[in-house]
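Here is the file input07.tsv (TSV, C-alpha atoms).
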chain	number	residue	atom	x	y	z
T	1	MET	CA	18.24	-6.56	-16.06
T	2	GLU	CA	20.99	-9.19	-16.36
T	3	ASN	CA	23.51	-6.71	-14.98
T	4	THR	CA	21.14	-5.93	-12.10
T	5	GLU	CA	20.85	-9.64	-11.29
T	6	ALA	CA	24.64	-9.89	-11.03
T	7	ILE	CA	24.78	-6.78	-8.84
T	8	TRP	CA	22.05	-8.18	-6.58
T	9	LYS	CA	23.93	-11.50	-6.19
T	10	ASP	CA	27.09	-9.62	-5.22
T	11	ALA	CA	25.11	-7.48	-2.79
T	12	CYS	CA	23.69	-10.62	-1.16
T	13	GLN	CA	27.22	-11.99	-0.74
T	14	GLU	CA	28.20	-8.74	0.97
T	15	LEU	CA	25.17	-8.97	3.27
T	16	LYS	CA	26.08	-12.57	4.14
T	17	LYS	CA	29.46	-11.33	5.39
T	18	ARG	CA	27.95	-8.54	7.48
T	19	LEU	CA	24.92	-10.20	9.04
T	20	HIS	CA	24.50	-13.08	11.44
T	21	PRO	CA	23.52	-16.24	9.51
T	22	ASP	CA	20.16	-16.45	11.32
T	23	ILE	CA	19.33	-12.85	10.45
T	24	TYR	CA	20.42	-13.29	6.84
T	25	SER	CA	18.34	-16.45	6.52
T	26	ARG	CA	15.26	-14.93	8.13
T	27	TRP	CA	15.23	-11.46	6.57
T	28	ILE	CA	17.47	-11.32	3.49
T	29	ASN	CA	17.15	-14.78	2.00
T	30	VAL	CA	13.37	-14.26	1.68
T	31	ILE	CA	13.90	-11.40	-0.79
T	32	SER	CA	13.75	-12.01	-4.52
T	33	LEU	CA	14.78	-9.59	-7.23
T	34	GLY	CA	11.74	-8.17	-9.00
T	35	ARG	CA	11.15	-5.89	-11.92
T	36	GLN	CA	13.19	-2.84	-12.81
T	37	GLU	CA	11.73	0.45	-14.00
T	38	ASN	CA	14.49	2.73	-15.26
T	39	LYS	CA	16.82	3.02	-12.27
T	40	LYS	CA	14.28	1.77	-9.72
T	41	VAL	CA	14.56	-1.87	-8.65
T	42	TYR	CA	11.74	-3.65	-6.85
T	43	LEU	CA	12.56	-6.31	-4.27
T	44	TYR	CA	9.77	-8.82	-3.73
T	45	VAL	CA	8.78	-10.28	-0.36
T	46	SER	CA	5.88	-12.58	0.47
T	47	ASN	CA	3.96	-10.46	2.99
T	48	ASP	CA	3.66	-7.03	4.58
T	49	ILE	CA	5.42	-8.15	7.77
T	50	TYR	CA	8.63	-8.71	5.82
T	51	GLN	CA	8.10	-5.46	3.92
T	52	SER	CA	7.61	-3.24	6.95
T	53	TRP	CA	10.44	-4.85	8.96
T	54	LEU	CA	12.94	-4.64	6.08
T	55	GLU	CA	12.02	-1.04	5.28
T	56	GLU	CA	12.37	0.02	8.90
T	57	ASN	CA	15.49	-1.95	9.83
T	58	TYR	CA	17.52	-3.20	6.87
T	59	LEU	CA	16.96	-0.81	3.97
T	60	PRO	CA	20.12	1.29	4.66
T	61	ILE	CA	22.44	-1.74	4.87
T	62	ILE	CA	20.87	-3.29	1.75
T	63	LYS	CA	21.38	-0.01	-0.15
T	64	GLU	CA	24.99	0.14	1.05
T	65	ALA	CA	25.65	-3.45	-0.05
T	66	LEU	CA	24.06	-2.74	-3.41
T	67	SER	CA	26.20	0.36	-3.84
T	68	LEU	CA	29.39	-1.60	-3.06
T	69	ALA	CA	28.35	-4.18	-5.64
T	70	GLY	CA	28.12	-1.50	-8.31
T	71	GLY	CA	24.50	-0.48	-8.00
T	72	HIS	CA	25.08	2.95	-6.48
T	73	ASP	CA	22.77	4.60	-9.00
T	74	LEU	CA	19.84	2.23	-8.35
T	75	GLU	CA	16.79	3.10	-6.25
T	76	LEU	CA	15.20	0.39	-4.10
T	77	ALA	CA	11.58	-0.32	-3.23
T	78	PHE	CA	9.97	-3.32	-1.54
T	79	GLU	CA	6.79	-4.83	-2.90
T	80	VAL	CA	4.59	-7.60	-1.48
T	81	HIS	CA	4.33	-10.62	-3.75
T	82	GLN	CA	3.29	-14.17	-2.96
T	83	GLU	CA	5.37	-17.01	-4.38
T	84	ASN	CA	7.40	-14.43	-6.30
T	85	ALA	CA	4.30	-13.30	-8.19
T	86	PRO	CA	2.53	-9.94	-7.92
T	87	VAL	CA	-0.09	-9.79	-5.20
T	88	ALA	CA	-3.47	-9.60	-6.90
T	89	GLU	CA	-1.76	-8.26	-10.02
T	90	ILE	CA	-4.69	-8.20	-12.39
T	91	VAL	CA	-4.35	-7.73	-16.12
T	92	ARG	CA	-7.31	-7.09	-18.35
T	93	LYS	CA	-7.81	-9.99	-20.73
T	94	GLU	CA	-9.92	-10.37	-23.82
T	95	PRO	CA	-12.05	-13.54	-24.16
T	96	SER	CA	-9.98	-16.44	-25.44
T	97	ALA	CA	-10.35	-20.12	-26.17
T	98	PRO	CA	-11.69	-22.13	-23.22
T	99	ALA	CA	-8.99	-23.43	-20.89
T	100	PRO	CA	-8.99	-26.99	-19.58
T	101	ARG	CA	-11.73	-27.34	-16.98
T	102	ARG	CA	-10.70	-27.32	-13.37
T	103	ARG	CA	-13.03	-25.13	-11.39
T	104	ALA	CA	-15.37	-22.30	-12.26
T	105	THR	CA	-13.52	-18.97	-12.37
T	106	ARG	CA	-14.37	-15.62	-13.84
T	107	THR	CA	-12.21	-13.58	-16.18
T	108	LEU	CA	-10.05	-11.06	-14.36
T	109	ASN	CA	-11.44	-7.70	-15.38
T	110	ALA	CA	-9.16	-4.97	-14.10
T	111	THR	CA	-5.84	-3.40	-14.92
T	112	GLY	CA	-2.64	-2.94	-12.99
T	113	ILE	CA	-4.00	-3.70	-9.52
T	114	LYS	CA	-1.62	-4.58	-6.74
T	115	LEU	CA	-3.67	-5.07	-3.59
T	116	ASN	CA	-2.32	-6.50	-0.38
T	117	PRO	CA	-4.59	-9.46	0.44
T	118	LYS	CA	-4.35	-8.61	4.14
T	119	ASN	CA	-5.96	-5.20	3.62
T	120	SER	CA	-9.55	-6.41	3.79
T	121	PHE	CA	-12.58	-5.20	5.74
T	122	ASN	CA	-12.39	-8.32	7.90
T	123	SER	CA	-8.86	-7.47	9.07
T	124	PHE	CA	-9.63	-3.80	9.77
T	125	VAL	CA	-10.01	-3.17	13.51
T	126	VAL	CA	-12.94	-0.79	14.04
T	127	GLY	CA	-13.05	1.67	16.92
T	128	SER	CA	-14.50	5.05	17.77
T	129	SER	CA	-11.72	6.82	15.86
T	130	ASN	CA	-12.44	5.13	12.54
T	131	ASP	CA	-15.94	3.64	12.64
T	132	PHE	CA	-17.48	6.29	10.38
T	133	ALA	CA	-14.69	5.99	7.79
T	134	HIS	CA	-15.05	2.20	7.91
T	135	ALA	CA	-18.83	2.31	7.49
T	136	SER	CA	-18.55	4.82	4.63
T	137	SER	CA	-15.96	2.69	2.84
T	138	LEU	CA	-18.08	-0.44	3.24
T	139	ALA	CA	-21.12	1.38	1.84
T	140	VAL	CA	-19.09	2.48	-1.20
T	141	ALA	CA	-17.77	-1.05	-1.73
T	142	GLN	CA	-21.30	-2.47	-1.63
T	143	ALA	CA	-22.78	0.14	-3.97
T	144	PRO	CA	-19.99	1.78	-6.01
T	145	GLY	CA	-21.10	4.87	-7.89
T	146	LYS	CA	-24.30	5.12	-5.89
T	147	ALA	CA	-23.27	5.79	-2.30
T	148	TYR	CA	-20.94	8.66	-1.44
T	149	ASN	CA	-19.29	9.60	-4.70
T	150	PRO	CA	-16.57	10.72	-4.46
T	151	LEU	CA	-15.34	9.33	-1.14
T	152	PHE	CA	-12.48	11.39	0.32
T	153	ILE	CA	-10.64	9.83	3.28
T	154	TYR	CA	-8.00	11.85	5.10
T	155	GLY	CA	-5.86	11.42	8.19
T	156	GLY	CA	-2.31	11.18	9.48
T	157	VAL	CA	0.32	8.61	8.59
T	158	GLY	CA	-0.34	5.02	9.56
T	159	LEU	CA	-4.01	5.34	10.50
T	160	GLY	CA	-5.48	2.98	7.90
T	161	LYS	CA	-6.30	5.08	4.83
T	162	THR	CA	-4.62	2.71	2.40
T	163	HIS	CA	-6.08	-0.29	4.22
T	164	LEU	CA	-9.64	0.99	3.74
T	165	MET	CA	-9.04	1.97	0.11
T	166	GLN	CA	-7.62	-1.45	-0.74
T	167	ALA	CA	-10.46	-3.13	1.17
T	168	ILE	CA	-12.89	-1.32	-1.15
T	169	GLY	CA	-10.94	-2.63	-4.14
T	170	HIS	CA	-11.00	-6.20	-2.81
T	171	GLU	CA	-14.72	-6.09	-2.07
T	172	VAL	CA	-15.70	-4.64	-5.44
T	173	TYR	CA	-13.45	-7.00	-7.35
T	174	ALA	CA	-14.76	-10.04	-5.47
T	175	ASN	CA	-18.42	-9.22	-6.08
T	176	THR	CA	-18.63	-7.44	-9.43
T	177	GLN	CA	-17.18	-7.42	-12.92
T	178	LYS	CA	-16.20	-3.77	-12.67
T	179	HIS	CA	-13.05	-2.40	-14.26
T	180	ILE	CA	-10.84	-1.16	-11.41
T	181	HIS	CA	-7.76	1.03	-11.17
T	182	TYR	CA	-5.80	1.41	-7.93
T	183	LEU	CA	-2.64	3.52	-7.82
T	184	SER	CA	-0.87	6.27	-5.92
T	185	CYS	CA	-1.10	9.86	-7.12
T	186	GLU	CA	2.68	9.83	-7.51
T	187	THR	CA	2.34	6.92	-9.97
T	188	LEU	CA	-0.39	8.85	-11.79
T	189	LEU	CA	1.95	11.84	-12.05
T	190	ASN	CA	4.78	9.69	-13.43
T	191	GLU	CA	2.47	8.09	-15.99
T	192	PHE	CA	1.20	11.49	-17.07
T	193	ILE	CA	4.74	12.85	-17.54
T	194	GLU	CA	5.66	9.76	-19.55
T	195	SER	CA	2.55	10.14	-21.72
T	196	LEU	CA	3.57	13.73	-22.49
T	197	GLN	CA	7.12	12.71	-23.34
T	198	HIS	CA	5.99	9.97	-25.71
T	199	ARG	CA	2.91	11.80	-27.05
T	200	ARG	CA	0.51	9.23	-25.64
T	201	VAL	CA	-1.84	11.55	-23.77
T	202	LYS	CA	-4.91	10.08	-25.48
T	203	GLN	CA	-3.99	6.58	-24.26
T	204	PHE	CA	-3.50	7.99	-20.77
T	205	ARG	CA	-6.93	9.63	-20.86
T	206	ASP	CA	-8.66	6.54	-22.24
T	207	LYS	CA	-7.05	4.36	-19.59
T	208	TYR	CA	-8.42	6.26	-16.60
T	209	ARG	CA	-11.63	7.63	-18.08
T	210	GLY	CA	-12.70	4.10	-19.00
T	211	THR	CA	-12.48	2.74	-15.47
T	212	GLU	CA	-15.51	2.05	-13.26
T	213	LEU	CA	-13.74	2.33	-9.89
T	214	LEU	CA	-10.80	4.72	-9.52
T	215	LEU	CA	-8.83	4.43	-6.26
T	216	ILE	CA	-6.10	7.04	-5.82
T	217	ASP	CA	-3.86	7.09	-2.77
T	218	ASP	CA	-2.16	10.32	-1.56
T	219	ILE	CA	-4.12	12.68	-3.79
T	220	HIS	CA	-2.27	15.63	-2.24
T	221	PHE	CA	0.57	14.87	-4.71
T	222	LEU	CA	-1.75	16.36	-7.32
T	223	SER	CA	-0.65	19.82	-6.19
T	224	LYS	CA	2.83	19.28	-7.67
T	225	THR	CA	1.77	20.13	-11.22
T	226	VAL	CA	-0.89	22.37	-12.70
T	227	ALA	CA	-0.95	20.31	-15.91
T	228	LEU	CA	-1.96	17.12	-14.09
T	229	GLN	CA	-4.60	19.03	-12.13
T	230	GLU	CA	-6.11	20.16	-15.42
T	231	GLU	CA	-6.08	16.61	-16.77
T	232	PHE	CA	-7.51	15.11	-13.58
T	233	PHE	CA	-10.24	17.76	-13.45
T	234	HIS	CA	-11.62	16.56	-16.78
T	235	THR	CA	-11.13	12.88	-15.88
T	236	PHE	CA	-13.00	13.45	-12.62
T	237	ASN	CA	-15.89	15.07	-14.48
T	238	VAL	CA	-16.13	12.23	-17.01
T	239	LEU	CA	-16.21	9.58	-14.30
T	240	TYR	CA	-18.57	11.48	-12.02
T	241	ASP	CA	-21.05	12.22	-14.82
T	242	ALA	CA	-21.01	8.53	-15.76
T	243	HIS	CA	-21.71	7.55	-12.12
T	244	LYS	CA	-18.35	5.79	-11.79
T	245	GLN	CA	-16.97	5.59	-8.27
T	246	ILE	CA	-13.98	7.70	-7.23
T	247	VAL	CA	-12.15	7.14	-3.92
T	248	MET	CA	-9.23	9.29	-2.77
T	249	THR	CA	-7.01	9.43	0.30
T	250	SER	CA	-4.95	12.33	1.59
T	251	ASP	CA	-2.97	13.30	4.66
T	252	ARG	CA	-5.10	16.46	5.03
T	253	PRO	CA	-8.49	17.87	3.99
T	254	ALA	CA	-8.76	18.95	0.36
T	255	SER	CA	-9.17	22.58	1.43
T	256	GLU	CA	-5.76	22.45	3.16
T	257	ILE	CA	-3.79	21.03	0.21
T	258	ALA	CA	-1.58	23.95	-0.79
T	259	GLY	CA	-1.55	24.62	-4.53
T	260	LEU	CA	-4.69	22.59	-5.28
T	261	GLU	CA	-7.08	24.45	-7.57
T	262	GLN	CA	-10.34	25.53	-5.94
T	263	ARG	CA	-12.46	23.82	-8.57
T	264	LEU	CA	-10.84	20.49	-7.60
T	265	VAL	CA	-11.27	21.21	-3.90
T	266	SER	CA	-14.96	21.78	-4.56
T	267	ARG	CA	-15.33	18.53	-6.49
T	268	PHE	CA	-13.47	16.49	-3.90
T	269	GLU	CA	-16.04	17.68	-1.36
T	270	TRP	CA	-19.09	16.88	-3.52
T	271	GLY	CA	-19.51	13.44	-2.00
T	272	LEU	CA	-18.47	12.37	1.49
T	273	VAL	CA	-15.38	13.56	3.35
T	274	THR	CA	-14.37	11.41	6.32
T	275	GLU	CA	-11.44	11.66	8.72
T	276	LEU	CA	-9.38	8.93	10.37
T	277	LEU	CA	-8.30	9.93	13.86
T	278	PRO	CA	-5.56	8.40	16.04
T	279	PRO	CA	-6.96	5.28	17.76
T	280	ASP	CA	-8.08	5.46	21.36
T	281	PHE	CA	-6.64	3.10	24.00
T	282	GLU	CA	-9.33	0.42	23.55
T	283	THR	CA	-8.80	0.37	19.78
T	284	ARG	CA	-5.03	0.20	20.20
T	285	MET	CA	-5.44	-2.82	22.47
T	286	ALA	CA	-7.76	-4.47	19.93
T	287	ILE	CA	-5.21	-3.85	17.16
T	288	LEU	CA	-2.43	-5.42	19.22
T	289	ARG	CA	-4.56	-8.48	20.00
T	290	SER	CA	-5.42	-8.84	16.32
T	291	LYS	CA	-1.74	-8.59	15.34
T	292	GLN	CA	-0.85	-11.17	18.00
T	293	LYS	CA	-3.25	-13.59	16.42
T	294	ALA	CA	-1.92	-12.92	12.92
T	295	LEU	CA	1.67	-13.47	14.06
T	296	ASN	CA	0.79	-16.49	16.21
T	297	PHE	CA	2.67	-14.78	19.03
T	298	HIS	CA	1.49	-14.14	22.57
T	299	LEU	CA	2.39	-11.34	24.99
T	300	ALA	CA	1.21	-10.92	28.56
T	301	GLU	CA	-1.63	-8.46	29.03
T	302	ASN	CA	0.54	-5.98	30.97
T	303	MET	CA	2.92	-5.79	28.00
T	304	LEU	CA	0.07	-5.09	25.62
T	305	VAL	CA	-1.03	-2.30	27.96
T	306	PHE	CA	2.55	-0.99	28.02
T	307	ILE	CA	2.72	-0.84	24.21
T	308	ALA	CA	-0.76	0.64	23.81
T	309	SER	CA	0.00	3.28	26.45
T	310	ASN	CA	3.22	4.42	24.79
T	311	ILE	CA	2.39	4.25	21.07
T	312	LYS	CA	-0.69	6.40	20.58
T	313	SER	CA	-0.76	8.06	17.19
T	314	ASN	CA	0.23	5.48	14.58
T	315	ILE	CA	-1.26	2.04	13.90
T	316	ARG	CA	1.73	1.10	11.76
T	317	ARG	CA	4.06	1.70	14.71
T	318	LEU	CA	1.82	-0.41	16.93
T	319	GLU	CA	2.04	-3.31	14.50
T	320	GLY	CA	5.78	-2.70	14.08
T	321	ALA	CA	6.25	-3.04	17.83
T	322	MET	CA	4.61	-6.46	17.77
T	323	ILE	CA	6.76	-7.51	14.81
T	324	LYS	CA	9.95	-6.42	16.61
T	325	LEU	CA	9.08	-8.37	19.75
T	326	SER	CA	7.99	-11.50	17.88
T	327	SER	CA	11.16	-11.38	15.76
T	328	TYR	CA	13.32	-11.06	18.87
T	329	ALA	CA	11.60	-14.01	20.50
T	330	SER	CA	11.99	-16.08	17.34
T	331	LEU	CA	15.64	-15.21	16.70
T	332	TYR	CA	16.96	-15.51	20.24
T	333	LYS	CA	14.54	-18.15	21.55
T	334	LYS	CA	13.98	-16.07	24.67
T	335	PRO	CA	10.76	-15.09	26.44
T	336	ILE	CA	9.75	-11.45	26.26
T	337	THR	CA	9.90	-9.85	29.69
T	338	MET	CA	8.88	-6.30	30.50
T	339	ASP	CA	12.56	-5.24	30.66
T	340	VAL	CA	13.22	-6.77	27.27
T	341	ALA	CA	10.15	-5.10	25.79
T	342	GLU	CA	11.18	-1.69	27.15
T	343	ASN	CA	14.71	-2.04	25.77
T	344	ILE	CA	13.62	-3.22	22.33
T	345	LEU	CA	10.91	-0.60	21.89
Hey, can you dump this file as structure tokens for me?
Amino acid sequence: MENTEAIWKDACQELKKRLHPDIYSRWINVISLGRQENKKVYLYVSNDIYQSWLEENYLPIIKEALSLAGGHDLELAFEVHQENAPVAEIVRKEPSAPAPRRRATRTLNATGIKLNPKNSFNSFVVGSSNDFAHASSLAVAQAPGKAYNPLFIYGGVGLGKTHLMQAIGHEVYANTQKHIHYLSCETLLNEFIESLQHRRVKQFRDKYRGTELLLIDDIHFLSKTVALQEEFFHTFNVLYDAHKQIVMTSDRPASEIAGLEQRLVSRFEWGLVTELLPPDFETRMAILRSKQKALNFHLAENMLVFIASNIKSNIRRLEGAMIKLSSYASLYKKPITMDVAENIL
């Protein structure tokens, strides 16, 4: 890790040479070097606005600077942390001696959770394209293991699947003492491979079969290996029979995931399957107004209409458009006109 720190410092010096001082200060100086897992290095930023903007606009130049500094074999990933600490990173703790009294708090009772605090039910903009998925997710959060188990949410990129899943995690964690696991299916696959390599399959099984709320993003990655499908089949059965809540997201219906065993397809459809559709015009306008408020940035109504009329299929791109315009206004201290908006977007 010490070598990585030196490489990152050299990469930052290279970025200072290449970028305008204002841009470096606003977008690069806010990054802190995080943990390293094998050859993958995590860069920490304080919120999802920084994360999305850096991933979309500065990731190639950061990778190039890192490569020039000697880190050509390192992979990069951004992760949202607040005050250089993991966002809602929750580690299961055993009871210990009482701490000095400040205010009443409860023991954190979950493992390995990294939830973006902005992905709550309150911040989710509900419209005709997602109202059923929202209502279903809220019902699961209020009665995990009792309403709609499993819950399977599918839809295209950037439509709010992860937002709803993390909102369930936030709601359950805030109101119960349940043991929660949230992770991507790709992470599950990597953990499973590692458990095989180090002969720790029993620990892997105990970890996920002992949870009370299992949230798995991008479950379609399960089709990559038959061995993991076999393992997850039994884990699913254990949790389901114990009335523990399972929530999964996918970019397509379970029946359309190529290579997924039929017995898993059947189980994924036991509970409730709900689809997220592209937002209609009214919902897109509501999303833009909500993002305006979050960014403390105002655009004329005709510009909101322009954005909502031209970006139709992806909520993430809608929010990205607002971030681009607000960043331009902040960096160049210029008002956003329609011509400017058209050129930037």
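Taking atom CA of Gly70 of chain T and atom CA of Ala6 of chain T as the two end points, the separation is 9.5 Å.
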For segment 328-342 of chain T, I'd like the enclosing box, axis-aligned and padded by 4 Å on every side, reported as JSON with centre and edge lengths in Å to one decimal.
{"center_x": 12.9, "center_y": -9.9, "center_z": 23.7, "size_x": 16.1, "size_y": 24.5, "size_z": 22.0}
Inset, instruction - Take atom CA of Gln51 of chain T and atom CA of Ser327 of chain T and report the distance between them in Å, one decimal. - result: 13.6 Å
Legend entry - Closest of T:Val80, T:Val126, T:Leu299, T:Ile219 to Tyr42 of chain T - atom-to-atom distances counting only C-alpha atoms: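 Counting only C-alpha atoms, the residue closest to Tyr42 of chain T is T:Val80.
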Inset, instruction - Extract, using only C-alpha atoms, all DNA, RNA and protein residues at most 9 Å from Asp217 of chain T, discarding same-chain residues fewer than 5 positions from it, and format them as a PyMOL selection string. - result: chain T and resi 161-162+165+182-186+247-250
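The smallest atom-to-atom distance between Ser136 of chain T and any of T:Ser313, T:Gln177, T:Asn47, T:Thr274, using all atoms listed in the file, is found for T:Thr274.
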Legend entry - For Ser255 of chain T: contacts at 9 Å, all atoms listed in the file, fewer than 6 positions along chain excluded, given as a PyMOL selection string: chain T and resi 262+265-266+269
Legend entry - Separation of atom CA of Asn57 of chain T from atom CA of Lys324 of chain T in Å: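 Computing it gives 9.8 Å between the two atoms.
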Inset, instruction - Excluding His234 of chain T and any residue of its chain fewer than 3 positions from it, enumerate the residues within 12 Å of it, using all atoms listed in the file, and give them as a PyMOL selection string. - result: chain T and resi 205-206+208-209+227-231+237-241+263-264+267
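For the set T:Leu164, T:Ser223, T:His243, T:Val201, the residue with the smallest atom-to-atom gap to Ala147 of chain T is T:His243, counting only C-alpha atoms.
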Legend entry - Proximity to Val140 of chain T - best of T:Ile193, T:Leu260, T:Ala308, T:Leu272, only C-alpha atoms: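 The shortest atom-to-atom distance to Val140 of chain T comes from T:Leu272.
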Legend entry - Selection near Tyr328 of chain T, 12 Å with only C-alpha atoms, sequence-local residues under 5 positions removed, as a PyMOL selection string: chain T and resi 22-23+26+297+321-323+333-337+340-341+343-345
Set the distance at 12 Å and use all atoms listed in the file: which residues neighbour Gln13 of chain T once local chain neighbours fewer than 3 positions away are removed? I'd like the list as a PDB file with C-alpha atoms, keeping the file's coordinate frame.
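As written to disk, out13.pdb reads:
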ATOM      1  CA  ALA T   6      24.640  -9.890 -11.030  1.00  0.00           C
ATOM      2  CA  ILE T   7      24.780  -6.780  -8.840  1.00  0.00           C
ATOM      3  CA  TRP T   8      22.050  -8.180  -6.580  1.00  0.00           C
ATOM      4  CA  LYS T   9      23.930 -11.500  -6.190  1.00  0.00           C
ATOM      5  CA  ASP T  10      27.090  -9.620  -5.220  1.00  0.00           C
ATOM      6  CA  LYS T  16      26.080 -12.570   4.140  1.00  0.00           C
ATOM      7  CA  LYS T  17      29.460 -11.330   5.390  1.00  0.00           C
ATOM      8  CA  ARG T  18      27.950  -8.540   7.480  1.00  0.00           C
ATOM      9  CA  LEU T  19      24.920 -10.200   9.040  1.00  0.00           C
ATOM     10  CA  PRO T  21      23.520 -16.240   9.510  1.00  0.00           C
ATOM     11  CA  TYR T  24      20.420 -13.290   6.840  1.00  0.00           C
ATOM     12  CA  ILE T  28      17.470 -11.320   3.490  1.00  0.00           C
ATOM     13  CA  ASN T  29      17.150 -14.780   2.000  1.00  0.00           C
ATOM     14  CA  ILE T  62      20.870  -3.290   1.750  1.00  0.00           C
ATOM     15  CA  ALA T  65      25.650  -3.450  -0.050  1.00  0.00           C
ATOM     16  CA  LEU T  66      24.060  -2.740  -3.410  1.00  0.00           C
ATOM     17  CA  LEU T  68      29.390  -1.600  -3.060  1.00  0.00           C
ATOM     18  CA  ALA T  69      28.350  -4.180  -5.640  1.00  0.00           C
TER      19      ALA T  69
END
Legend entry - Of the listed residues T:His298, T:Gly156, T:Asp73, T:His179, that which approaches Asp251 of chain T most closely, counting all atoms listed in the file: T:Gly156
Inset, instruction - Name the closest residue to Glu275 of chain T among the candidates T:Ser46, T:Ser137, T:Ser123, T:Asn296; distances are taken between atoms, counting only C-alpha atoms. - result: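 Smallest distance to Glu275 of chain T is found for T:Ser137.
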